Each structure stands twice: as structure tokens, then as C-alpha cells.
Amino acid sequence: KSAAASSIYGSKASNGVVVITTRRGKSGKPRVNITQRFGFFSLLRGPGTRAFDTTTAFQVFSGVDPAVIRSYEVNGVLPTYDHLQEIAGEKPLSYETLLDVSGGTENTKFYASGSWKQDNGIIQRTGAGRQSIRANIDQKVTDKLTLSFSNAFSRTTTEKGFTNNDNSGAGLTYAIAYIPGFIPLKPVNGIYPKPAITYLSSNPLQTAAELINTETVTRWVGGGTLSWQALATVHNSLQFVAAGGADFFSQNAEVVAPPDLYWQANRPNPGLATQTNGNSRQFNWNLNAIDDYSPEGNSWRAKTSAGAQYEDRNLQQNRVTARGLIPGQTHIDQAAVLGGQFQNETTERTFAGYAQEELFFLNEKLNLNVGIRTERSSQFGNTKAFYFYPKISGRYTFPNALGEGSEVKLRAAYGETGNQPLFGQKFTTLQGGVNIGGNVGTVVGASSGDALIKPERKREVEGGVDASFWHGRANLQLTVYHNVESDLLLPRTPAPSLGFSQVFLNGGKQRNNGLEVFLGLTPVQAKDFSWVFESTFHFNRNKVLELPFPGFRPVGAGFGLAYGEFFVQTGQPAQQIIGYTSVDANGNLVSSQIGNAAPDFQWSFGNSLGFKNLNLYMLWDWQQGGWAQNQTLSLYDCNLLAPDQGTPAGQARSDACLSTGLATPFVQQTTFLKLREVSLAYQLPKKVATALFRGADNVRLSLSGRNLFLITKYFGYDPESSNFGQQPIVRNIDLGPYPPSRSFFFNISVGF
């Protein structure tokens, strides 16, 4: 995560780097492992349902004919249906099968695996299936030449359903925030009722049963590495490594809304079909030289490495939408009107070189590392300019500092990384296909680019200590860091008079200070019983130091000051949420900061208890602080459907929405304690395993659960909800997301 560790990856590494090493084969007798999992998902939590009597229903829905409301009575009483449970109460079977084979000789090693996974969602016609195969081969060609290949292919099919915010009536979790609990939604004799009180005539159960929203993705990732040991002596080793890889990705998506859906039926051309395709192609190569030198006497050692890298990325996207679909048809050519077309192609290329020197002294107790990377990219405004990212780090080890067998390492580092602009941020877009005086023409688009745009730059200093003591039964890692990011890539919403809805530019600085702590303990280590405890603690403090203007509202910041929205300004955290908090003497609403989306801290606790062949593992996550724009809550309050609407607190929130315009009730803290994972596993004795499965020498049974328990005062679905993904700023917006679920799985693994 540190800039010093990731600087050799350049302008893509400002948020850290994940290095994935796939499994490889080992020489020896071939080994086969097969794992089978069965389980299900169930609804974790969500908004409750307000119960109505007839009098209250008449008051709240005064614009509805009282006879209509009375028609919903059952035995003279308005019933209360749990619409969320009706929509998200599914518990279909989910499963996964995994098989892998590995083995080989000293010269040829192989690893192959395959999997078939199907996770079915808690909402009807939602879920995801995945099939994948992988093959890795390592071949020793000569004593000095080795060759490795890796290949992976996967096919994923996803049924997404419709949730999140919505302006058409399709969103299931959006629509139920408008429908009172006394209105039935389930079909009668195969016919879904049309609710008298709803959002754009929607019956979300009908939508869930009939709407199609599917996506199929196929992907192949492969690569090869050729290593040549050019020199190997007692004091010097020189190796050349050439590697290359490719990633081909194809996505096909389909959305079909039949014309008989209630929210489609009232439209001029009911029935919608959309076809979307995307194809991505990425490849890269790199050449490297690594020299390891230690003089006679081994008083010191130097490891020198240098290399060059090239990346080429291409993405093609297109989408066609048609309306006026013939009943029973799903293809766009079976519709009356083409409603919109979209096509996009992007190409990005990056060339880079790096050099690094590692020095080891005092029997390798002292380690110094100096390196630099330089790169240029088609993403930069000046495509011929090279940007440089240096790093320097040091570490000193104190053996036996905390007793026999202990070790303490002090470390410090400085590094710089960047963050590439996105494709097109340097261009002012042009929009084609516009009718100008009866002719097809092109006009300036809504986004204004910056022809001189360059990457962001992060400069970071960090220090820390790594300690191992108590005969290896205790491990501590502590890191403090300070970084400043400059030349920020700012997507700003300008004044309407400028003529653009969005502008891109470099400008401003922000600072991050933080602490990360990891503690691992083995309090008990006996013959038949062990206890391993692990904990991580982290916090980050952010502050905007400079901006080229007083402040700005980022794109997608929220739904207005009456509900809270993100606003970036100098002297405040980048993720601050502002909104109307008071009324001045003249009756004008006054806005100010309400909260910060970033939490005060995050703390996790993992415990692993082992008794003979039995193991119990449990992981808790605690987040303190943080704020979210809870628009799910505002929907229920604005529609007077919150379960506590009849209380003073509920009435105050609905007044804020319908009367005063204050945002404070709808920006909520996201403090929570979550039981993230529990598993209970049993390793069968070898004799029993062999008796049950002929030839098996390893059989493991386990029960596991995820997201089993959540303690929070947060109203709605999940304090970790984020409608627009985990973006740097515009996150923690909750507006009718896919409901959170818990899972339960039984696993059996057999090794031969």
C-alpha cells in the first residue's frame, strides 16, 4: 500500500498494488483435490413495515378514495404485509464444485483446476453462475533456461434484477418505499394486482417475476515467462527475465421490460429491450535483468534490477435500445421505435522503465533500497513527456531484542506514485448524430477536457516496526504514514453559464495521515488445543489543502442539500457531507458540514480455536463513525411509511422532508459491529477418510456462515451500502440497494 512499495508500478499505483500469485505444480506424485459446497443466502435486514389502521390510512392517503382503502380490509382490519420479505425472501440452493490436479517431475510441473459455481439470490431471478478452468505449466528447458505458462478461462452469467434508485418504476427496493403495507402484491390466480398507491403504477413483485436483466462475461487471461540464468558463480548471479501476458474480456448484457408490466403499460411505446456489448483487450510485456552480487567474505550484498515495460489496452462498447416491444418478444428488431444508440472505443498505451538497487549490510541486518520508475502514456496530455517516480527505504533488524528467538525490525520509507487520468479526460468531447437544420451534424459535448492533463502525484513518508517475540507466538506490525497528493484530477461541475455539465483539470492538494496495526498472538499452543488471535486496526485522516477554486460539488454528489451531498472544499475532508442544518433569522435555509464518509477507525478481530481435528474460526469487524447519505430513509419518511412514523422521532423526520427541508435526519452515522464470518471444520482421521473414500488421505468437513450478525443504529439495509461503488469521494450513498444477505454453506473437501 505504501508509495515506496508500489512506486515501481508508476501512475496506476496511487492506491496500492495487489500482487496475485496463482498456484503452481510441485514435483512428485500427482495429487487430486475435490471440494463440494452447498448452501443458501437469506435476507439479513432491511426497512421495517408501518402498520396502519383505517383512520390513519385515511389521514395519510387523503387523496385516495376511502372506498379503495377499505377494499383492502381483511375481516374489517387493514392487514400488514412485509413487502421486503415478499421480494427478498428467497432461499434457493447455491452450490460450488472445485477440482484441481497437480504434480510433475523435476523438469516439468503442472497444475490444473476447474470450478462450477452457482449463487442464487434472495430476490427472484437474481444470482450469478461461474465456470472456470486454469492450467499452469513450468518447464525446465536446460539447467539455465526455464519456461512458465499460465492460462485461465472463465464464463460468468449474472441475473441482476433491478434495485437502487430509479425514475421509471423498475427498481424493486425503490418502489416498496412508496407502497403501504396494507396493499397486497402477490398474484391471485396468476394475475398480479395493480396497487392503488405505488410509484409509477409499479408492482415490484410483478417486475421481479417478468423483467429480464442478464449479463454474460467470458474472459481469458494468459501469460508466459522465460528466465535465463546467464551467470551463476559463488559471488555473482545474473538473470534475464522476459514475460508477457494478455487479457481478453467479452461482455454481453440484455435488459427486457415486457409491455404488460404496469410501469411500462402507461408509456407511449410500452415494452423495452436493450442489448449491450463490450470487448476488452489488454496485453503487456516486460524485460528484466537481475544481478545479485556478494564479495568474498559476504560482508555485504547488492541486488541490482532494471527493466522495461509496455502495456496496450483497448475497450469497445456499444448499446442499442428499442421501445414498443411486441408482447412475448425480447429482440430489439421486434420493437417499434429505436430509443437510443451508443458506441465507444478507447485505446491506452503506456511505456515505462525502472531501475532498483538493494543493499544488505551487517549480515543482512541493515537493508537499503533505492529505485526509480519513469513512464509515458497516451493518457497524458503530453504523450511524449516522461514522469519519474523515485523511492528510498531502509530497514534495520535487531535479533533477540525481546528475548531468545525474537526479532525487531525498524523501517522507514519515502516514495512517489501517481494516478493516470481516465481515457478522454484530456479531450473536450464531440457528440455526433445530431440533427442540425435537417442534416446530421456534430456538436460540442457536455464534458470539457484539459489538453495539458497529467497524472496525480502522491508523495508519502512512512515508518514502522515489525516485531516477532514470545518464541514466534506473537507478531506485531505497526505503520504510520503521511502523504500528500498534488495535481489532483478534479471532475468538477461548473456554473451552467459555462455550457458544460462537467470539466476535468489538475489542481489542488490533499493530505492523508494514518495508522495501521496488526497483532497476531497464539495465547495457547498445547498438544491437542491451540488458540490463534489476529487483529487489525486502521484509521486515516484526510484534509484538502489546496484547490484552484473555493470548492466544488463532485459529479453524482447526492440529491440536493435537503438530503445531504458531498462537497469538496479547502480545509475540510474530501469526503465531507454538507446539507441544510438550520434556518437563519430571515427564514433562509443554512448549509454546513454534517459528517464525513470516512470512518473514525476500523478494527477487526479474528479467533481460531483448534481442538485435535476440530477448528472454529470467527471474524468480527467493527467500524466506528463514518456517515452516509441515507436516501432509503428519506424515501420512507417522505412517503410517511417509516415503521416508527407515529413516534415523535419519525414525525420529525417526515417534517424535515415535507416541511422544513433540513438534511440532518437523512445523513446517518455508519457505526457497526458485524460478525463477518464463522466456520467450524473437522479433519477426519486418515483411516476414516480412506475407509469412506478409497485412496483418499485427507477429508475435511466444514460449516460456514458469512455476515451472520449486525449491530448498528443505522436505518435501512446496510451501513456499508454504496449505490455508486467504492469511489474515492462519491460513496456512502444508500438509495434502495440490493438487500444485504447472510449465507450458510456446508463444505466437504477430499484429497487423493
# chains A, B, ... in the order shown; residues from 1 in each chain; ligands from 1
>>> closest_atom_pairs(of="range 162-268 of chain A", to="range 69-76 of chain A", cutoff="8 Å", atoms="only C-alpha atoms", output="CSV")
residue,atom,partner,partner_atom,distance
A:Phe182,CA,A:Tyr72,CA,6.7
A:Ile183,CA,A:Tyr72,CA,6.5
A:Pro184,CA,A:Tyr72,CA,7.9
>>> residues_around(residues="Tyr396 in chain A", least_positions_apart="6", cutoff="6 Å", atoms="only C-alpha atoms", output="NGL selection string")
:A and (365-366 or 409-410)
>>> residues_around(residues="range 533-536 of chain A", least_positions_apart="2", cutoff="10 Å", atoms="only C-alpha atoms", output="PyMOL selection string")
chain A and resi 474-478+516-524+531+538+602-609+617-621
>>> residues_around(residues="Arg31 in chain A", least_positions_apart="4", cutoff="7 Å", atoms="only C-alpha atoms", output="PyMOL selection string")
chain A and resi 101-103+752
>>> residues_around(residues="range 105-119 of chain A", least_positions_apart="5", cutoff="7 Å", atoms="only C-alpha atoms", output="ChimeraX atom specification")
/A:24-28,94-100,127-140
>>> write_last_selection(atoms="C-alpha atoms", output="PDB file, in the first residue's frame")
ATOM      1  CA  ARG A  24       1.810 -23.917  -9.290  1.00  0.00           C
ATOM      2  CA  GLY A  25       2.557 -27.599  -9.556  1.00  0.00           C
ATOM      3  CA  LYS A  26       5.170 -29.417  -7.441  1.00  0.00           C
ATOM      4  CA  SER A  27       7.310 -32.361  -8.426  1.00  0.00           C
ATOM      5  CA  GLY A  28       6.107 -35.659  -7.118  1.00  0.00           C
ATOM      6  CA  SER A  94     -26.461 -22.450  -4.115  1.00  0.00           C
ATOM      7  CA  TYR A  95     -23.510 -24.706  -4.822  1.00  0.00           C
ATOM      8  CA  GLU A  96     -19.887 -24.847  -5.929  1.00  0.00           C
ATOM      9  CA  THR A  97     -17.698 -27.685  -7.175  1.00  0.00           C
ATOM     10  CA  LEU A  98     -13.904 -27.364  -7.361  1.00  0.00           C
ATOM     11  CA  LEU A  99     -11.380 -29.828  -8.720  1.00  0.00           C
ATOM     12  CA  ASP A 100      -7.627 -29.465  -9.041  1.00  0.00           C
ATOM     13  CA  GLY A 127     -27.963 -14.693  -8.972  1.00  0.00           C
ATOM     14  CA  ALA A 128     -24.649 -15.468 -10.569  1.00  0.00           C
ATOM     15  CA  GLY A 129     -23.079 -18.573 -12.076  1.00  0.00           C
ATOM     16  CA  ARG A 130     -19.427 -19.094 -12.954  1.00  0.00           C
ATOM     17  CA  GLN A 131     -17.491 -21.823 -14.721  1.00  0.00           C
ATOM     18  CA  SER A 132     -13.719 -21.627 -14.910  1.00  0.00           C
ATOM     19  CA  ILE A 133     -10.670 -23.662 -15.853  1.00  0.00           C
ATOM     20  CA  ARG A 134      -6.993 -22.956 -15.200  1.00  0.00           C
ATOM     21  CA  ALA A 135      -3.764 -24.587 -16.347  1.00  0.00           C
ATOM     22  CA  ASN A 136      -0.239 -23.664 -15.212  1.00  0.00           C
ATOM     23  CA  ILE A 137       2.887 -25.365 -16.582  1.00  0.00           C
ATOM     24  CA  ASP A 138       6.505 -24.917 -15.532  1.00  0.00           C
ATOM     25  CA  GLN A 139       9.160 -26.409 -17.821  1.00  0.00           C
ATOM     26  CA  LYS A 140      12.884 -26.591 -17.156  1.00  0.00           C
TER      27      LYS A 140
END
>>> residues_around(residues="range 623-625 of chain A", least_positions_apart="3", cutoff="6 Å", atoms="only C-alpha atoms", output="list in words")
Pro599, Asp600, Phe601, Gln602, Gln669, Thr670, Thr671 and Phe672 of chain A
>>> write_last_selection(atoms="C-alpha atoms", output="PDB file, in the first residue's frame")
ATOM      1  CA  PRO A 599     -14.863   6.273   9.477  1.00  0.00           C
ATOM      2  CA  ASP A 600     -13.010   7.238  12.663  1.00  0.00           C
ATOM      3  CA  PHE A 601     -11.406   3.789  12.621  1.00  0.00           C
ATOM      4  CA  GLN A 602     -11.870   0.188  11.519  1.00  0.00           C
ATOM      5  CA  GLN A 669     -23.639   7.524  11.175  1.00  0.00           C
ATOM      6  CA  THR A 670     -22.449   4.164   9.849  1.00  0.00           C
ATOM      7  CA  THR A 671     -21.018   2.722  13.066  1.00  0.00           C
ATOM      8  CA  PHE A 672     -21.485  -1.050  13.127  1.00  0.00           C
TER       9      PHE A 672
END
>>> residues_around(residues="Ala177 in chain A", least_positions_apart="4", cutoff="10 Å", atoms="only C-alpha atoms", output="number ranges by chain")
A: 47, 49, 83-84, 172-173, 181, 198-199, 632-642, 736
>>> select_by_dssp(residues="range 91-215 of chain A", states="strand (DSSP E)", output="PyMOL selection string")
chain A and resi 93-104+108-120+127-140+145-159+212-215
>>> atom_distance(atom1="CA of Ala663 in chain A", atom2="CA of Pro550 in chain A")
22.6 Å
>>> atom_distance(atom1="CA of Asn314 in chain A", atom2="CA of Ser280 in chain A")
5.7 Å
>>> select_by_dssp(residues="range 617-715 of chain A", states="alpha helix (DSSP H)", output="number ranges by chain")
A: 631-638, 648-655, 686-692
>>> closest_atom_pairs(of="range 12-95 of chain A", to="range 419-433 of chain A", cutoff="10 Å", atoms="only C-alpha atoms", output="Markdown table")
| residue | atom | partner | partner_atom | distance |
| --- | --- | --- | --- | --- |
| A:Lys12 | CA | A:Asn419 | CA | 5.0 |
| A:Ala13 | CA | A:Asn419 | CA | 6.6 |
| A:Ser14 | CA | A:Asn419 | CA | 5.5 |
| A:Asn15 | CA | A:Asn419 | CA | 8.3 |
>>> write_last_selection(atoms="C-alpha atoms", output="PDB file, in the first residue's frame")
ATOM      1  CA  LYS A  12      -1.534   3.341 -11.576  1.00  0.00           C
ATOM      2  CA  ALA A  13      -0.376   2.601  -8.056  1.00  0.00           C
ATOM      3  CA  SER A  14      -1.528   5.573  -6.004  1.00  0.00           C
ATOM      4  CA  ASN A  15      -3.966   3.366  -4.080  1.00  0.00           C
TER       5      ASN A  15
END
>>> closest_residue(among="A:Asn288, A:Gln510, A:Gln631, A:Ser743", to="Lys91 in chain A", atoms="only C-alpha atoms")
A:Ser743
>>> atom_distance(atom1="CA of Gly560 in chain A", atom2="CA of Tyr580 in chain A")
9.3 Å
>>> closest_atom_pairs(of="range 87-154 of chain A", to="range 210-222 of chain A", cutoff="6 Å", atoms="only C-alpha atoms", output="CSV")
residue,atom,partner,partner_atom,distance
A:Ser150,CA,A:Gly222,CA,5.3
A:Asn151,CA,A:Gly222,CA,4.3
A:Ala152,CA,A:Val221,CA,5.3
A:Phe153,CA,A:Trp220,CA,4.4
A:Ser154,CA,A:Arg219,CA,5.4
>>> write_last_selection(atoms="C-alpha atoms", output="PDB file, in the first residue's frame")
ATOM      1  CA  SER A 150      -0.380 -19.649 -17.087  1.00  0.00           C
ATOM      2  CA  ASN A 151      -3.858 -19.823 -18.602  1.00  0.00           C
ATOM      3  CA  ALA A 152      -7.286 -19.144 -17.120  1.00  0.00           C
ATOM      4  CA  PHE A 153     -10.689 -19.090 -18.787  1.00  0.00           C
ATOM      5  CA  SER A 154     -13.978 -18.227 -17.131  1.00  0.00           C
TER       6      SER A 154
END
>>> closest_residue(among="A:Glu348, A:Glu254, A:Asp260, A:Glu364", to="Ile332 in chain A", atoms="only C-alpha atoms")
A:Glu254
